[in-house]
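J.: Enclosed is the structure file model-v7.txt (compact mmCIF, C-alpha atoms and all ligand atoms).
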# COMPACT_ATOMS: atom_id res chain seq x y z
CA MET A 26 105.60 -58.96 171.86
CA GLU A 27 106.07 -60.46 168.42
CA LYS A 28 109.02 -59.10 166.53
CA PHE A 29 108.20 -56.72 163.67
CA LEU A 30 108.75 -58.43 160.34
CA PHE A 31 110.88 -56.54 157.84
CA GLY A 32 110.68 -58.52 154.67
CA VAL A 33 110.79 -58.76 150.94
CA ALA A 34 108.25 -60.58 148.77
CA THR A 35 108.13 -62.71 145.62
CA SER A 36 105.83 -65.32 144.08
CA ALA A 37 106.52 -68.71 142.54
CA ILE A 38 105.58 -68.25 138.89
CA GLN A 39 107.16 -64.81 138.82
CA ILE A 40 110.65 -65.99 139.79
CA GLU A 41 111.08 -69.77 139.80
CA GLY A 42 111.21 -70.74 136.12
CA ALA A 43 111.91 -74.48 135.67
CA HIS A 44 108.32 -74.68 134.46
CA ASP A 45 108.40 -78.36 133.60
CA LYS A 46 111.37 -79.55 135.63
CA ASP A 47 111.25 -82.32 138.24
CA GLY A 48 107.64 -83.26 137.61
CA LYS A 49 106.02 -79.83 137.93
CA GLY A 50 102.53 -79.64 136.40
CA TRP A 51 101.34 -76.73 134.27
CA SER A 52 99.60 -73.67 135.54
CA ILE A 53 97.38 -71.25 133.68
CA TRP A 54 100.37 -68.92 133.24
CA ASP A 55 102.36 -71.66 131.50
CA GLU A 56 99.36 -72.11 129.25
CA TYR A 57 98.97 -68.36 128.55
CA SER A 58 102.69 -68.27 127.79
CA LYS A 59 102.44 -71.20 125.39
CA LYS A 60 99.49 -69.60 123.64
CA GLY A 61 101.47 -66.38 123.12
CA LEU A 62 99.13 -64.28 125.24
CA ILE A 63 101.86 -62.48 127.19
CA HIS A 64 103.40 -59.15 126.14
CA GLU A 65 105.62 -59.66 123.07
CA LYS A 66 105.02 -63.41 123.35
CA GLN A 67 107.30 -63.63 126.37
CA THR A 68 106.90 -66.61 128.68
CA CYS A 69 107.14 -67.43 132.38
CA PHE A 70 109.12 -70.56 131.55
CA ASP A 71 112.48 -69.32 132.91
CA ALA A 72 111.49 -66.17 134.83
CA CYS A 73 114.46 -65.45 137.17
CA ASP A 74 115.55 -69.11 137.14
CA SER A 75 115.35 -69.02 140.91
CA TYR A 76 114.50 -72.73 141.15
CA ASN A 77 118.02 -73.48 139.88
CA ARG A 78 119.72 -70.70 141.87
CA LEU A 79 118.41 -71.24 145.35
CA GLU A 80 121.76 -70.86 147.16
CA GLU A 81 122.64 -67.67 145.33
CA ASP A 82 119.20 -66.19 146.04
CA LEU A 83 119.27 -67.14 149.71
CA ALA A 84 122.60 -65.35 150.03
CA ILE A 85 121.07 -62.20 148.50
CA ILE A 86 118.14 -62.35 150.93
CA LYS A 87 120.58 -62.68 153.80
CA GLU A 88 122.68 -59.75 152.62
CA LEU A 89 119.56 -57.56 152.48
CA GLY A 90 119.20 -57.97 156.22
CA VAL A 91 115.47 -58.82 156.28
CA ASN A 92 114.09 -61.04 159.02
CA SER A 93 111.28 -62.44 156.89
CA TYR A 94 110.81 -63.63 153.31
CA ARG A 95 107.36 -63.83 151.70
CA PHE A 96 107.15 -66.33 148.85
CA SER A 97 104.46 -68.53 147.37
CA ILE A 98 104.23 -72.23 146.82
CA SER A 99 103.42 -73.33 143.32
CA TRP A 100 100.34 -75.56 143.61
CA PRO A 101 101.16 -77.50 140.40
CA ARG A 102 104.77 -77.98 141.49
CA ILE A 103 103.68 -80.04 144.49
CA LEU A 104 100.39 -81.42 143.12
CA PRO A 105 100.92 -81.53 139.36
CA THR A 106 97.27 -82.04 138.45
CA GLY A 107 95.97 -79.99 141.36
CA HIS A 108 95.12 -83.01 143.52
CA GLY A 109 96.01 -86.66 144.03
CA GLU A 110 99.62 -87.64 143.68
CA VAL A 111 102.16 -85.45 145.48
CA ASN A 112 105.38 -84.54 143.64
CA GLN A 113 108.12 -85.20 146.18
CA LYS A 114 110.72 -83.22 144.22
CA GLY A 115 108.52 -80.16 144.51
CA ILE A 116 108.22 -80.69 148.26
CA ASP A 117 112.01 -81.11 148.46
CA TYR A 118 112.53 -77.74 146.77
CA TYR A 119 110.36 -75.87 149.28
CA ASN A 120 111.93 -77.79 152.15
CA LYS A 121 115.35 -76.58 151.03
CA LEU A 122 114.05 -73.03 150.77
CA ILE A 123 112.36 -73.08 154.19
CA ASP A 124 115.29 -74.76 155.94
CA GLY A 125 117.72 -72.37 154.26
CA LEU A 126 115.76 -69.39 155.55
CA LEU A 127 115.38 -70.75 159.06
CA LYS A 128 119.10 -71.48 159.23
CA MET A 129 119.73 -67.78 158.59
CA GLY A 130 117.15 -66.74 161.19
CA ILE A 131 114.69 -65.56 158.54
CA THR A 132 110.97 -66.22 159.07
CA PRO A 133 109.18 -67.80 156.09
CA PHE A 134 105.87 -66.07 155.26
CA VAL A 135 104.16 -68.45 152.87
CA THR A 136 101.40 -67.75 150.34
CA LEU A 137 99.36 -70.73 149.14
CA PHE A 138 97.88 -69.19 146.06
CA HIS A 139 99.59 -66.43 144.15
CA TRP A 140 97.58 -66.97 140.97
CA ASP A 141 99.17 -70.07 139.39
CA LEU A 142 96.11 -72.29 139.15
CA PRO A 143 96.87 -75.84 137.92
CA ILE A 144 95.73 -76.08 134.33
CA GLU A 145 93.83 -79.31 134.96
CA LEU A 146 91.56 -77.51 137.42
CA ASP A 147 91.18 -74.53 135.15
CA LYS A 148 89.86 -76.87 132.47
CA LYS A 149 87.15 -77.91 134.91
CA GLY A 150 86.01 -74.32 135.34
CA GLY A 151 88.51 -73.14 137.94
CA PHE A 152 86.87 -71.08 140.65
CA SER A 153 83.57 -71.03 138.75
CA ASN A 154 83.13 -74.64 139.72
CA ARG A 155 82.35 -75.27 143.39
CA GLU A 156 84.21 -78.58 143.25
CA ILE A 157 87.41 -76.60 143.55
CA VAL A 158 86.76 -76.17 147.27
CA ASP A 159 87.61 -79.84 147.95
CA ARG A 160 90.70 -79.65 145.74
CA PHE A 161 91.89 -76.51 147.50
CA GLU A 162 91.35 -78.03 150.92
CA GLU A 163 93.41 -81.05 149.86
CA TYR A 164 96.20 -78.75 148.66
CA ALA A 165 96.19 -76.87 151.98
CA LYS A 166 96.37 -80.16 153.88
CA VAL A 167 99.43 -81.22 151.86
CA VAL A 168 101.06 -77.86 152.60
CA ALA A 169 100.25 -78.12 156.33
CA GLU A 170 101.50 -81.70 156.63
CA ASN A 171 104.74 -80.99 154.82
CA PHE A 172 105.65 -77.48 155.97
CA GLY A 173 103.42 -76.71 158.96
CA ASP A 174 106.02 -78.03 161.38
CA ARG A 175 108.41 -75.15 160.54
CA VAL A 176 106.31 -72.41 158.97
CA GLU A 177 104.37 -70.17 161.30
CA TYR A 178 102.77 -67.66 158.89
CA PHE A 179 100.55 -68.63 155.99
CA SER A 180 98.41 -66.46 153.80
CA VAL A 181 95.89 -68.32 151.71
CA PHE A 182 95.15 -66.08 148.73
CA ASN A 183 97.03 -63.21 147.23
CA GLU A 184 94.54 -60.57 146.08
CA ILE A 185 91.19 -62.22 145.35
CA ALA A 186 90.06 -59.16 143.41
CA ALA A 187 92.88 -59.56 140.91
CA ILE A 188 92.07 -63.25 140.46
CA VAL A 189 88.44 -62.46 139.68
CA ASP A 190 89.57 -59.74 137.31
CA PHE A 191 92.01 -61.66 135.14
CA LEU A 192 90.16 -64.95 135.16
CA TYR A 193 86.56 -63.88 134.84
CA ILE A 194 86.12 -60.21 134.06
CA GLU A 195 88.98 -59.16 131.81
CA PRO A 196 90.50 -62.52 130.94
CA VAL A 197 94.22 -62.27 130.35
CA GLY A 198 95.05 -62.02 126.70
CA HIS A 199 91.46 -62.87 125.70
CA GLY A 200 92.13 -66.50 126.55
CA TYR A 201 88.55 -66.88 127.75
CA PRO A 202 85.33 -65.03 127.20
CA PRO A 203 84.53 -62.50 129.94
CA LYS A 204 81.88 -63.56 132.43
CA SER A 205 78.90 -61.67 133.76
CA ASP A 206 78.88 -59.91 137.13
CA GLN A 207 76.71 -62.76 138.43
CA GLU A 208 79.30 -65.36 137.38
CA GLY A 209 81.98 -63.17 138.97
CA PHE A 210 79.98 -63.15 142.20
CA GLU A 211 79.72 -66.95 142.16
CA ALA A 212 83.49 -67.20 141.66
CA ILE A 213 83.99 -64.86 144.65
CA HIS A 214 81.74 -67.07 146.74
CA ASN A 215 83.71 -70.19 145.78
CA ILE A 216 87.03 -68.47 146.47
CA LEU A 217 85.81 -67.48 149.93
CA LEU A 218 84.77 -71.09 150.57
CA CYS A 219 88.25 -72.19 149.44
CA ASN A 220 89.82 -69.62 151.75
CA ALA A 221 87.89 -70.93 154.74
CA ALA A 222 88.52 -74.59 153.90
CA ALA A 223 92.26 -73.92 153.61
CA THR A 224 92.35 -71.83 156.79
CA TYR A 225 90.74 -74.63 158.82
CA ALA A 226 93.01 -77.25 157.21
CA LEU A 227 96.19 -75.26 157.92
CA ARG A 228 95.16 -74.75 161.53
CA LYS A 229 94.26 -78.41 161.95
CA TYR A 230 97.07 -80.26 160.18
CA SER A 231 100.08 -78.02 160.97
CA LYS A 232 102.27 -79.10 163.86
CA ASN A 233 103.14 -75.47 164.59
CA LYS A 234 100.64 -73.09 166.09
CA VAL A 235 100.17 -71.27 162.81
CA LYS A 236 98.79 -67.85 161.93
CA VAL A 237 96.68 -67.92 158.79
CA GLY A 238 95.68 -64.75 156.99
CA MET A 239 94.48 -63.47 153.64
CA VAL A 240 96.01 -60.76 151.48
CA SER A 241 94.00 -58.20 149.61
CA CYS A 242 94.86 -55.49 147.18
CA SER A 243 93.65 -52.47 148.98
CA SER A 244 91.64 -49.62 147.48
CA ILE A 245 92.75 -46.77 149.70
CA ALA A 246 91.25 -43.31 150.07
CA ILE A 247 93.39 -40.40 151.21
CA PRO A 248 91.33 -37.51 152.59
CA VAL A 249 93.14 -34.33 151.57
CA ASP A 250 92.00 -32.51 154.70
CA GLY A 251 92.88 -35.40 157.03
CA ASP A 252 89.25 -36.38 157.77
CA LEU A 253 89.42 -40.06 158.75
CA GLU A 254 85.63 -40.41 158.54
CA LEU A 255 85.82 -39.53 154.87
CA ALA A 256 88.48 -42.21 154.28
CA LYS A 257 86.24 -44.72 156.03
CA GLU A 258 83.19 -43.77 154.02
CA VAL A 259 85.02 -44.37 150.76
CA MET A 260 87.00 -47.45 151.74
CA LEU A 261 84.13 -49.31 153.37
CA ALA A 262 81.49 -48.58 150.74
CA PRO A 263 80.97 -50.93 147.81
CA ASP A 264 83.31 -49.82 145.04
CA SER A 265 81.98 -48.73 141.65
CA VAL A 266 83.33 -52.01 140.25
CA PHE A 267 81.69 -54.97 141.96
CA TYR A 268 84.76 -57.02 142.83
CA THR A 269 87.24 -54.44 144.12
CA GLY A 270 85.81 -53.25 147.44
CA ASN A 271 87.56 -53.88 150.76
CA THR A 272 84.39 -55.09 152.52
CA THR A 273 83.53 -57.49 149.68
CA TYR A 274 85.97 -60.06 151.04
CA TRP A 275 86.69 -59.03 154.60
CA ASP A 276 83.10 -58.71 155.84
CA PRO A 277 82.23 -62.33 155.01
CA MET A 278 85.53 -63.66 156.37
CA VAL A 279 85.28 -61.74 159.65
CA PHE A 280 81.54 -61.21 160.22
CA GLY A 281 80.08 -64.08 158.17
CA LYS A 282 77.95 -61.80 155.98
CA TYR A 283 78.27 -60.07 152.66
CA ASN A 284 78.04 -56.29 152.82
CA GLU A 285 74.28 -55.61 152.44
CA GLU A 286 74.83 -52.38 150.57
CA TRP A 287 76.98 -54.25 148.07
CA LEU A 288 74.39 -57.00 147.53
CA GLU A 289 71.74 -54.34 147.10
CA LYS A 290 73.82 -52.30 144.68
CA PHE A 291 74.68 -55.16 142.33
CA LYS A 292 71.48 -57.20 142.75
CA PHE A 293 73.15 -60.61 142.62
CA ASP A 294 71.11 -63.79 142.56
CA LEU A 295 72.07 -65.40 145.87
CA SER A 296 71.00 -68.95 145.12
CA CYS A 297 74.62 -70.18 145.02
CA ILE A 298 74.83 -69.56 148.78
CA LYS A 299 74.00 -72.89 150.41
CA ASP A 300 72.90 -73.46 153.99
CA GLY A 301 75.84 -73.13 156.33
CA ASP A 302 78.11 -71.41 153.77
CA MET A 303 78.31 -68.08 155.55
CA GLU A 304 79.14 -69.63 158.94
CA PHE A 305 81.85 -71.67 157.21
CA ILE A 306 83.27 -68.65 155.36
CA LYS A 307 83.55 -66.82 158.67
CA CYS A 308 86.96 -68.31 159.48
CA VAL A 309 88.22 -65.04 161.01
CA PRO A 310 91.75 -64.83 159.58
CA ASP A 311 94.54 -64.32 162.10
CA PHE A 312 95.76 -61.26 160.23
CA ILE A 313 94.99 -58.93 157.38
CA GLY A 314 97.57 -58.79 154.64
CA MET A 315 97.48 -55.53 152.72
CA ASN A 316 99.22 -54.91 149.41
CA ILE A 317 99.65 -51.16 149.33
CA TYR A 318 100.91 -49.57 146.16
CA LEU A 319 99.06 -46.26 145.98
CA GLY A 320 95.87 -44.47 146.98
CA ALA A 321 93.30 -42.05 145.58
CA LYS A 322 92.71 -38.59 147.03
CA TYR A 323 89.29 -37.40 148.15
CA GLU A 324 87.61 -34.31 149.51
CA ARG A 325 84.02 -33.60 150.54
CA GLY A 326 81.86 -32.29 147.74
CA GLU A 327 79.26 -29.56 148.22
CA ASN A 328 76.57 -32.16 148.86
CA GLY A 329 78.70 -33.60 151.67
CA LYS A 330 79.51 -36.72 149.65
CA PRO A 331 83.11 -37.84 148.98
CA LYS A 332 84.47 -36.45 145.76
CA PRO A 333 87.71 -37.60 144.03
CA VAL A 334 90.40 -34.93 143.79
CA PRO A 335 91.69 -34.68 140.23
CA HIS A 336 95.30 -35.68 139.67
CA GLY A 337 96.19 -32.49 137.84
CA ILE A 338 98.46 -32.03 134.90
CA ASN A 339 101.31 -34.05 136.36
CA PHE A 340 99.33 -37.28 136.36
CA ASN A 341 101.42 -40.20 135.14
CA SER A 342 104.69 -38.69 136.22
CA PRO A 343 106.28 -40.66 139.08
CA ASP A 344 105.34 -37.71 141.32
CA SER A 345 101.62 -38.38 141.14
CA TYR A 346 102.25 -41.95 142.28
CA LEU A 347 104.73 -41.02 144.99
CA ASP A 348 102.40 -38.32 146.15
CA THR A 349 99.92 -40.91 147.43
CA TYR A 350 102.29 -41.98 150.22
CA GLU A 351 99.63 -41.40 152.88
CA SER A 352 97.91 -44.58 151.65
CA MET A 353 100.36 -46.35 153.97
CA TYR A 354 98.75 -44.49 156.88
CA TYR A 355 95.04 -44.37 156.00
CA GLY A 356 94.83 -47.91 154.60
CA PRO A 357 95.86 -49.74 157.80
CA LYS A 358 94.07 -47.19 159.98
CA VAL A 359 90.68 -47.80 158.37
CA MET A 360 91.05 -51.59 158.12
CA GLN A 361 92.03 -51.85 161.77
CA GLU A 362 89.05 -49.77 162.90
CA ARG A 363 86.63 -52.05 161.11
CA TYR A 364 88.15 -55.50 161.65
CA HIS A 365 90.38 -55.24 164.73
CA LEU A 366 92.94 -57.69 163.38
CA PRO A 367 96.75 -57.45 163.21
CA ILE A 368 97.98 -56.07 159.88
CA TYR A 369 100.94 -56.98 157.72
CA VAL A 370 101.79 -54.84 154.72
CA THR A 371 102.52 -57.81 152.52
CA GLU A 372 103.56 -55.85 149.42
CA THR A 373 104.53 -52.28 148.62
CA GLY A 374 106.63 -51.08 145.73
CA ILE A 375 106.90 -49.38 142.38
CA ASP A 376 108.06 -50.28 138.90
CA THR A 377 110.58 -47.92 137.42
CA LEU A 378 112.68 -47.52 134.34
CA ASP A 379 116.00 -48.13 136.05
CA CYS A 380 119.08 -46.70 134.46
CA VAL A 381 122.27 -48.76 134.41
CA ASN A 382 125.11 -46.26 134.37
CA GLN A 383 128.49 -46.67 132.69
CA GLU A 384 129.92 -48.21 135.82
CA GLY A 385 127.18 -50.85 135.75
CA GLU A 386 125.43 -49.40 138.83
CA ILE A 387 121.67 -49.07 138.99
CA ILE A 388 120.59 -45.81 140.50
CA ASP A 389 116.83 -46.30 140.94
CA GLU A 390 116.08 -42.98 142.59
CA VAL A 391 112.32 -43.20 142.13
CA ARG A 392 112.12 -46.49 144.06
CA VAL A 393 114.40 -45.06 146.74
CA GLU A 394 112.15 -42.04 147.07
CA TYR A 395 109.08 -44.27 147.14
CA ILE A 396 110.42 -46.23 150.13
CA ARG A 397 111.53 -43.03 151.86
CA ARG A 398 108.08 -41.48 151.55
CA PHE A 399 105.86 -44.47 152.27
CA PHE A 400 107.62 -46.15 155.18
CA PRO A 401 107.34 -43.24 157.67
CA GLN A 402 103.57 -43.33 157.16
CA LEU A 403 103.54 -46.88 158.46
CA LEU A 404 105.35 -45.65 161.56
CA ARG A 405 102.82 -42.83 161.88
CA ALA A 406 99.94 -45.34 161.95
CA LYS A 407 101.82 -47.70 164.24
CA ASN A 408 102.64 -44.92 166.69
CA GLU A 409 98.95 -44.09 166.84
CA GLY A 410 98.24 -47.63 167.96
CA VAL A 411 97.47 -49.43 164.71
CA ASP A 412 98.62 -53.02 165.17
CA ILE A 413 100.94 -53.27 162.15
CA ARG A 414 103.35 -56.14 162.47
CA GLY A 415 105.21 -56.31 159.20
CA TYR A 416 106.33 -54.54 156.04
CA PHE A 417 107.36 -56.43 152.89
CA VAL A 418 108.81 -54.68 149.87
CA TRP A 419 107.69 -55.89 146.45
CA SER A 420 109.88 -57.22 145.08
CA LEU A 421 113.22 -58.87 145.67
CA PHE A 422 113.81 -59.26 141.94
CA ASP A 423 112.70 -57.80 138.66
CA ASN A 424 110.48 -60.62 137.54
CA PHE A 425 107.71 -62.00 135.34
CA GLU A 426 105.08 -59.30 135.68
CA TRP A 427 102.06 -61.33 134.53
CA SER A 428 100.53 -60.35 131.19
CA THR A 429 103.06 -57.53 130.80
CA GLY A 430 105.91 -60.04 130.77
CA TYR A 431 109.30 -58.59 131.64
CA SER A 432 108.47 -55.04 130.63
CA ARG A 433 107.99 -53.70 134.16
CA ARG A 434 110.71 -53.88 136.78
CA PHE A 435 109.79 -53.87 140.47
CA GLY A 436 112.99 -55.35 141.94
CA LEU A 437 115.47 -54.22 144.55
CA VAL A 438 117.74 -56.47 142.50
CA ARG A 439 117.97 -56.19 138.74
CA VAL A 440 117.80 -59.43 136.74
CA ASP A 441 119.26 -59.76 133.28
CA PHE A 442 116.73 -62.10 131.70
CA GLU A 443 119.24 -63.55 129.26
CA THR A 444 122.09 -64.37 131.61
CA PHE A 445 120.10 -64.30 134.90
CA LYS A 446 122.82 -62.14 136.41
CA ARG A 447 121.61 -60.39 139.55
CA THR A 448 122.72 -56.81 140.28
CA LYS A 449 121.73 -55.01 143.45
CA LYS A 450 120.20 -51.60 142.87
CA LYS A 451 120.65 -48.50 145.00
CA SER A 452 117.24 -49.22 146.61
CA PHE A 453 118.60 -52.55 147.90
CA TYR A 454 121.16 -50.72 150.02
CA VAL A 455 118.69 -48.03 151.06
CA TYR A 456 116.21 -50.64 152.31
CA LYS A 457 119.01 -52.52 154.08
CA LYS A 458 119.95 -49.32 155.94
CA LEU A 459 116.31 -48.56 156.77
CA ILE A 460 115.93 -52.00 158.35
CA LYS A 461 119.05 -51.46 160.48
CA GLU A 462 117.88 -48.06 161.63
CA ASN A 463 114.43 -49.31 162.59
CA LYS A 464 115.41 -52.49 164.41
CA GLU A 465 113.69 -51.42 167.60
CA ILE A 466 110.22 -50.55 166.32
C1 LIG B 1 100.85 -58.68 142.88
C2 LIG B 1 102.23 -58.99 142.35
C3 LIG B 1 102.57 -58.03 141.24
C4 LIG B 1 102.54 -56.63 141.81
C5 LIG B 1 102.96 -55.55 140.83
C6 LIG B 1 100.60 -57.21 143.09
O1 LIG B 1 99.27 -56.93 142.89
O2 LIG B 1 100.60 -59.39 144.05
O3 LIG B 1 102.27 -60.31 141.92
O4 LIG B 1 103.80 -58.32 140.64
O5 LIG B 1 101.24 -56.34 142.22
O6 LIG B 1 102.10 -55.42 139.78
Is it possible to express this structure as structure tokens?
Ligand code: BGC

T.:
Amino acid sequence: MEKFLFGVATSAIQIEGAHDKDGKGWSIWDEYSKKGLIHEKQTCFDACDSYNRLEEDLAIIKELGVNSYRFSISWPRILPTGHGEVNQKGIDYYNKLIDGLLKMGITPFVTLFHWDLPIELDKKGGFSNREIVDRFEEYAKVVAENFGDRVEYFSVFNEIAAIVDFLYIEPVGHGYPPKSDQEGFEAIHNILLCNAAATYALRKYSKNKVKVGMVSCSSIAIPVDGDLELAKEVMLAPDSVFYTGNTTYWDPMVFGKYNEEWLEKFKFDLSCIKDGDMEFIKCVPDFIGMNIYLGAKYERGENGKPKPVPHGINFNSPDSYLDTYESMYYGPKVMQERYHLPIYVTETGIDTLDCVNQEGEIIDEVRVEYIRRFFPQLLRAKNEGVDIRGYFVWSLFDNFEWSTGYSRRFGLVRVDFETFKRTKKKSFYVYKKLIKENKEI
């Protein structure tokens, strides 16, 4: 039996900083930062300065007591223009990180693409341009050849739906004009081709016998009366927005077909699908990565159809968010029934307004309560036979939260963004204790 992974997650652009150090190329987020498109004109340029504080950060990870660390590789740090010449200093940095983790007995869980597209490729149309598939395959090959001898777990994309959203549908900071649903569909098709190309490359060029998965941001339905069929109906149907459904990405990757109901509903022109594409896309990932933050409650309406349950007057208080803790049960349960693949909860967490008290301690009770309510639901699903193999809290640090800059704090560890001082919050110690108490699961 594989050991259960208790981990903590981060991503490159959100913590590394050192945006132009040691030959790193620019990503779209460096560009958005330069153009002043981030909240209050903040930038990702320094983030948590983790690139320059590797030893200190490794020690924090060790103290937390996790047995796995999920992080992403910055594509432009190792291939500054997205392809061609490899930046050895970038490779050296990730080698130090991976070796440091392995030395402490911590399993690296590596994401290839957590949204920091090299700017050179973005200029050529990014995922709208099918040529990106070759570039992405080349990137995956470089990753496999350099790290595939020591890394066992790779996930290719983090949250395709979010990528489609901020690049094509609601472009971050109005950097680009929004695209039509049809153009969004074509980007999805190209991303799925990239996912397959990278999956095959990682399996082929890694020395290790690797496990390659994909991570999606899960829309989860919680049936208030416990009716699993209702949860399935909602979660497996095409969502009201065309790019957010669970089956949109997983059906093609696992079954080699787009969800018919979805194609019918949005009436896409399918001419971008070339002969052989669907067989290629069907790479059958080795695991499903689920980012679970919250869920939406449903009941059956009078016509027998699922009907959303209103949030009530307390909506927007932390309670309404915490109250969706059963998403950690229904989400994995439904995904397992449809796809029969092992599941890793690759992110789960909450942003809170942490209070630093006069003693300098950070008592983040809402985050503590969030972990206390959500985690037992994972055990509930696992005890019922759902093959859940890991749980990663988002995030290790307060960090660069995309277009909202540093205004939202998700960390178990507070970061002062002027001095980069790290301070462990109460939730850090609570999670540490939870890991100890659940060693045998
Ligand atoms: C993303 C993270 C992000 C988190 C909180 C997830 O969707 O993968 O990068 O920081 O949500 O918003």

J.: In terms of the shortest atom-to-atom distance over all atoms listed in the file, which of A:Glu372, A:Glu258, A:Glu156, A:Glu327 is closest to ligand LIG 1 (chain B)?

T.: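 Checking each of A:Glu372, A:Glu258, A:Glu156, A:Glu327 against ligand LIG 1 (chain B), counting all atoms listed in the file, the winner is A:Glu372.
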
J.: Hey, what's within 9 Å of segment 89-98 of chain A if we count all atoms listed in the file and toss same-chain stuff fewer than 2 positions away? As a ChimeraX atom specification, please?

T.: /A:29-38,84-87,100-103,119,126,129-139,168,371,415,417,453-454,456-458,460-461

J.: Enumerate, in order of chain and increasing residue number, the residues of chain A with an atom no farther than 7 Å from ligand LIG 1 (chain B), each with its shortest atom pair and distance in Å to one decimal, counting only C-alpha atoms and all ligand atoms, as a tab-separated table.

T.:
residue	atom	partner	partner_atom	distance
A:Ser36	CA	B:LIG1	O3	6.5
A:Asn183	CA	B:LIG1	O2	6.1
A:Glu184	CA	B:LIG1	O2	6.5
A:Cys242	CA	B:LIG1	O1	6.3
A:Asn316	CA	B:LIG1	O1	6.8
A:Trp419	CA	B:LIG1	C4	7.0
A:Glu426	CA	B:LIG1	O4	5.2

J.: Which neighbours of segment 75-82 of chain A fall inside 8 Å, counting all atoms listed in the file, when residues of the same chain fewer than 3 positions from it are skipped, and could you give them as a list in words?

T.: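 Contacts, in chain order: Ile40, Glu41, Gly42, Ala43, Ala72, Ile85, Ile86, Tyr118 and Leu122 of chain A.
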
J.: Hey, which of A:Pro196, A:Lys358, A:Arg175, A:Tyr274 ends up closest to Asn220 of chain A? Count all atoms listed in the file.

T.: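 Using all atoms listed in the file, Asn220 of chain A sits closest to A:Tyr274.
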
J.: For Asn424 of chain A, which residue among A:Cys69, A:Gly61, A:Val370, A:Val235 is the nearest when counting all atoms listed in the file?

T.: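 Counting all atoms listed in the file, the residue closest to Asn424 of chain A is A:Cys69.
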
J.: Could you tell me which of A:Phe422, A:Phe179, A:Tyr355, A:Phe435 comes closest to Lys407 of chain A if we count all atoms listed in the file?

T.: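 Of A:Phe422, A:Phe179, A:Tyr355, A:Phe435, the one nearest Lys407 of chain A is A:Tyr355, counting all atoms listed in the file.
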
J.: What is the distance, in Å and to one decimal place, between atom CA of His64 of chain A and atom CA of Asp389 of chain A?

T.: 23.8 Å

J.: Any idea what the distance is between atom CA of Lys464 of chain A and atom CA of Tyr350 of chain A?

T.: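 Going from atom CA of Lys464 of chain A over to atom CA of Tyr350 of chain A, I get 22.0 Å.
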
J.: Residues around (76.6, -63.6, 145.8), cut-off 12 Å, counting only C-alpha atoms - what are they as a PyMOL selection string?

T.: chain A and resi 206-217+267-268+273-274+277+282-285+287-299+302-303

J.: Emit the selected residues as a PDB file, keeping the file's coordinate frame, including C-alpha atoms.

T.:
ATOM      1  CA  ASP A 206      78.880 -59.910 137.130  1.00  0.00           C
ATOM      2  CA  GLN A 207      76.710 -62.760 138.430  1.00  0.00           C
ATOM      3  CA  GLU A 208      79.300 -65.360 137.380  1.00  0.00           C
ATOM      4  CA  GLY A 209      81.980 -63.170 138.970  1.00  0.00           C
ATOM      5  CA  PHE A 210      79.980 -63.150 142.200  1.00  0.00           C
ATOM      6  CA  GLU A 211      79.720 -66.950 142.160  1.00  0.00           C
ATOM      7  CA  ALA A 212      83.490 -67.200 141.660  1.00  0.00           C
ATOM      8  CA  ILE A 213      83.990 -64.860 144.650  1.00  0.00           C
ATOM      9  CA  HIS A 214      81.740 -67.070 146.740  1.00  0.00           C
ATOM     10  CA  ASN A 215      83.710 -70.190 145.780  1.00  0.00           C
ATOM     11  CA  ILE A 216      87.030 -68.470 146.470  1.00  0.00           C
ATOM     12  CA  LEU A 217      85.810 -67.480 149.930  1.00  0.00           C
ATOM     13  CA  PHE A 267      81.690 -54.970 141.960  1.00  0.00           C
ATOM     14  CA  TYR A 268      84.760 -57.020 142.830  1.00  0.00           C
ATOM     15  CA  THR A 273      83.530 -57.490 149.680  1.00  0.00           C
ATOM     16  CA  TYR A 274      85.970 -60.060 151.040  1.00  0.00           C
ATOM     17  CA  PRO A 277      82.230 -62.330 155.010  1.00  0.00           C
ATOM     18  CA  LYS A 282      77.950 -61.800 155.980  1.00  0.00           C
ATOM     19  CA  TYR A 283      78.270 -60.070 152.660  1.00  0.00           C
ATOM     20  CA  ASN A 284      78.040 -56.290 152.820  1.00  0.00           C
ATOM     21  CA  GLU A 285      74.280 -55.610 152.440  1.00  0.00           C
ATOM     22  CA  TRP A 287      76.980 -54.250 148.070  1.00  0.00           C
ATOM     23  CA  LEU A 288      74.390 -57.000 147.530  1.00  0.00           C
ATOM     24  CA  GLU A 289      71.740 -54.340 147.100  1.00  0.00           C
ATOM     25  CA  LYS A 290      73.820 -52.300 144.680  1.00  0.00           C
ATOM     26  CA  PHE A 291      74.680 -55.160 142.330  1.00  0.00           C
ATOM     27  CA  LYS A 292      71.480 -57.200 142.750  1.00  0.00           C
ATOM     28  CA  PHE A 293      73.150 -60.610 142.620  1.00  0.00           C
ATOM     29  CA  ASP A 294      71.110 -63.790 142.560  1.00  0.00           C
ATOM     30  CA  LEU A 295      72.070 -65.400 145.870  1.00  0.00           C
ATOM     31  CA  SER A 296      71.000 -68.950 145.120  1.00  0.00           C
ATOM     32  CA  CYS A 297      74.620 -70.180 145.020  1.00  0.00           C
ATOM     33  CA  ILE A 298      74.830 -69.560 148.780  1.00  0.00           C
ATOM     34  CA  LYS A 299      74.000 -72.890 150.410  1.00  0.00           C
ATOM     35  CA  ASP A 302      78.110 -71.410 153.770  1.00  0.00           C
ATOM     36  CA  MET A 303      78.310 -68.080 155.550  1.00  0.00           C
TER      37      MET A 303
END
